[in-house]
Each structure stands twice: as C-alpha cells, then as structure tokens.
Amino acid sequence: MVRRCPPRPRAAVLVLHGGQADSERPTRPWQLAALRMDPIVRAVTAALPHQDVLVGQVRYRLRGWNGTRADPARDARRALHDLARLAGPVPTVLLGHSMGGRAALRAAGHPQVHGVLALAPWWPAGEPVEQVAGRRIVALHGARDRVTSPAATADCVHRAQGTAARAGMALVADGDHALLRRHRFWHLTAAAVVAHLLDPDEVPDPLPEECYGAGAFPEL
C-alpha cells in the first residue's frame, strides 16, 4: 500500500508492522498492529530529507510468521519487487516494528535495501545476519519491553557488526513494546534515523557514536 508517491521517486521507505508468531488469519488494515504504525509513518513523512521519497506500507497476507515459512519476510521481498516495478531500483529503507523488524532484517539482502530501522524487533537467538553485509542497521528497543528481548536484539546487532554492516542500537529508557511510553521520543527518533539512513551524507545521525560500539549499548 503506497502512503506517499511522488511523480519520480529517488528513494523509498517501506514500513512493516508487527504480527504474531503463528496465525493463518488474514491481515486487515484496521488491526492494532497495523494502526500502531500510523503515527510513525506520519512522523517519518514529515521528516523526509527530500520531497521525492516514496513511502509505502507492506501488506502481509497472513498475521503470523509461521515458522520456517517466514511469511512476512516473503511478503516484504515481494513488496520490494513491486516497488522496483513501480519506481525503479531506488535505494530503500525498511522500517519494521516487532515481527516487522524480523521481516525487515530477513529482506535486507535485497539489492534495493540500503538500511533497516527496527523498533522493538523480534530477533530470536541465532537470527541470520549474513544478508545485512554492507547495509546500515539500527535497532531501537524499549528498556522495559516484556514482549521481545532487548538482550537478543543487542546480540543480533553485535553479530551484524561482524558482517561489515554499520550496525547500532539504543535502548529507550522506560520504553515498552507497544511504543506508547515516551511515544513522542519513539516517533521523532525513528523519523530522524530514517532521514539519516536515506541521506547519510547530508542528514546527521541523531544517535550518539557509542550506539555503534562493540560493548553495551546506551540508554537514551
């Protein structure tokens, strides 16, 4: 679903919402996981570094990840192919929450993907990272998240650093999984990170350099 489509896009942002570990039920646009991304999309759109950036939201066929099928990752790759047909092979940033963060990471090997921002991602132990080599990967995880693991996210980011990716992470102090606590911080920081990933030469990174270190990640 295209949320913003300039006549000649020079870049794109694809948004991937959360879901469930297992479900064969179809995804609907009015479900909470999808609606939760609306304020994020508005903030990102308002902060775009250029007016010719397409913004789209991936529509999953099913609500669940569904084991080795990894249905949302397949949907993300299909959306990238559709984007290439619509706008050409434009550099793309994937923005995913929870399960959407996992789908974004799996799809990061697509040649159009230049960067990934994952919010409270579901990255289980051993989640593959080889596909992110050469990309920019950023994770923001609530320090009080009880649904997905900040420690597992940190481990994944550290492993991604070993692939020569520019990978970093910050903990959101008092942040929760639903992005409700300190919601303004979530929205503004996500928008600023996406703007930087779209144009790293002209838009400064809003995160401190220690977010990209090999040790413990900072709490903001």
# chains A, B, ... in the order shown; residues from 1 in each chain; ligands from 1
>>> residues_around(residues="segment 177-180 of chain A", least_positions_apart="2", cutoff="7 Å", atoms="only C-alpha atoms", output="PyMOL selection string")
chain A and resi 120+142+145-147+175+182-183+186
>>> write_last_selection(atoms="N, CA and C atoms", output="PDB file, in the first residue's frame")
ATOM      1  N   ALA A 120      11.769  -2.219  18.540  1.00  0.00           N
ATOM      2  CA  ALA A 120      11.407  -3.351  19.408  1.00  0.00           C
ATOM      3  C   ALA A 120      11.336  -4.646  18.610  1.00  0.00           C
ATOM      4  N   GLY A 142      12.859  -0.761  23.629  1.00  0.00           N
ATOM      5  CA  GLY A 142      12.458  -0.260  24.934  1.00  0.00           C
ATOM      6  C   GLY A 142      13.131  -1.016  26.062  1.00  0.00           C
ATOM      7  N   ASP A 145      10.708  -3.460  27.688  1.00  0.00           N
ATOM      8  CA  ASP A 145       9.979  -4.364  26.793  1.00  0.00           C
ATOM      9  C   ASP A 145       9.907  -5.747  27.432  1.00  0.00           C
ATOM     10  N   ARG A 146       8.701  -6.281  27.548  1.00  0.00           N
ATOM     11  CA  ARG A 146       8.495  -7.622  28.110  1.00  0.00           C
ATOM     12  C   ARG A 146       7.952  -8.585  27.058  1.00  0.00           C
ATOM     13  N   VAL A 147       7.885  -8.149  25.802  1.00  0.00           N
ATOM     14  CA  VAL A 147       7.364  -8.990  24.725  1.00  0.00           C
ATOM     15  C   VAL A 147       8.504  -9.532  23.878  1.00  0.00           C
ATOM     16  N   GLY A 175      10.970   2.662  27.840  1.00  0.00           N
ATOM     17  CA  GLY A 175      10.186   2.317  26.664  1.00  0.00           C
ATOM     18  C   GLY A 175       9.588   0.925  26.748  1.00  0.00           C
ATOM     19  N   ARG A 182       6.691   7.151  26.278  1.00  0.00           N
ATOM     20  CA  ARG A 182       7.609   8.056  25.578  1.00  0.00           C
ATOM     21  C   ARG A 182       7.379   7.999  24.063  1.00  0.00           C
ATOM     22  N   HIS A 183       6.104   7.979  23.713  1.00  0.00           N
ATOM     23  CA  HIS A 183       5.771   7.826  22.295  1.00  0.00           C
ATOM     24  C   HIS A 183       6.361   8.940  21.438  1.00  0.00           C
ATOM     25  N   TRP A 186       9.895   8.002  20.608  1.00  0.00           N
ATOM     26  CA  TRP A 186       9.911   6.951  19.587  1.00  0.00           C
ATOM     27  C   TRP A 186       9.686   7.544  18.194  1.00  0.00           C
TER      28      TRP A 186
END
>>> select_by_dssp(residues="segment 53-112 of chain A", states="helix (DSSP H, G or I)", output="MDAnalysis selection string")
chainID A and resid 67:69 71:87 99:107
>>> residues_around(residues="segment 113-118 of chain A", least_positions_apart="5", cutoff="7 Å", atoms="only C-alpha atoms", output="ChimeraX atom specification")
/A:91-97,101,104,108,135-140,197
>>> closest_residue(among="A:His158, A:His196, A:Arg63, A:Arg3", to="His50 of chain A", atoms="only C-alpha atoms")
A:His196
>>> residues_around(residues="Pro29 of chain A", least_positions_apart="5", cutoff="9 Å", atoms="only C-alpha atoms", output="PyMOL selection string")
chain A and resi 34-35+59
>>> write_last_selection(atoms="all heavy atoms", output="PDB file, in the first residue's frame")
ATOM      1  N   ALA A  34      -1.227  -2.924  12.684  1.00  0.00           N
ATOM      2  CA  ALA A  34      -1.067  -2.035  11.527  1.00  0.00           C
ATOM      3  C   ALA A  34      -1.325  -0.586  11.913  1.00  0.00           C
ATOM      4  O   ALA A  34      -0.580   0.324  11.532  1.00  0.00           O
ATOM      5  CB  ALA A  34      -2.005  -2.465  10.406  1.00  0.00           C
ATOM      6  N   LEU A  35      -2.384  -0.340  12.694  1.00  0.00           N
ATOM      7  CA  LEU A  35      -2.724   1.024  13.090  1.00  0.00           C
ATOM      8  C   LEU A  35      -1.629   1.656  13.947  1.00  0.00           C
ATOM      9  O   LEU A  35      -1.433   2.882  13.906  1.00  0.00           O
ATOM     10  CB  LEU A  35      -4.047   1.030  13.868  1.00  0.00           C
ATOM     11  CG  LEU A  35      -5.289   0.630  13.070  1.00  0.00           C
ATOM     12  CD1 LEU A  35      -6.500   0.574  13.988  1.00  0.00           C
ATOM     13  CD2 LEU A  35      -5.536   1.600  11.917  1.00  0.00           C
ATOM     14  N   ARG A  59       1.723  -4.969   2.961  1.00  0.00           N
ATOM     15  CA  ARG A  59       0.520  -5.710   3.359  1.00  0.00           C
ATOM     16  C   ARG A  59       0.853  -7.191   3.433  1.00  0.00           C
ATOM     17  O   ARG A  59       1.131  -7.821   2.409  1.00  0.00           O
ATOM     18  CB  ARG A  59      -0.609  -5.476   2.359  1.00  0.00           C
ATOM     19  CG  ARG A  59      -1.267  -4.119   2.469  1.00  0.00           C
ATOM     20  CD  ARG A  59      -2.455  -4.016   1.507  1.00  0.00           C
ATOM     21  NE  ARG A  59      -3.205  -2.800   1.724  1.00  0.00           N
ATOM     22  CZ  ARG A  59      -4.245  -2.435   0.977  1.00  0.00           C
ATOM     23  NH1 ARG A  59      -4.630  -3.208  -0.030  1.00  0.00           N
ATOM     24  NH2 ARG A  59      -4.890  -1.315   1.221  1.00  0.00           N
TER      25      ARG A  59
END
>>> closest_residue(among="A:Ala160, A:Ala125, A:Leu83, A:Ala192", to="Pro9 of chain A", atoms="only C-alpha atoms")
A:Leu83
>>> closest_residue(among="A:His110, A:Arg4, A:Arg61, A:His187", to="Arg36 of chain A", atoms="only C-alpha atoms")
A:His187
>>> closest_residue(among="A:Val53, A:Met1, A:Ala79, A:Leu16", to="Asp199 of chain A", atoms="only C-alpha atoms")
A:Val53
>>> residues_around(residues="segment 205-216 of chain A", least_positions_apart="4", cutoff="8 Å", atoms="only C-alpha atoms", output="PyMOL selection string")
chain A and resi 158+166-170+189+192-193+196+200
>>> closest_residue(among="A:Arg106, A:His81, A:Arg42, A:Arg25", to="Asn66 of chain A", atoms="only C-alpha atoms")
A:Arg25
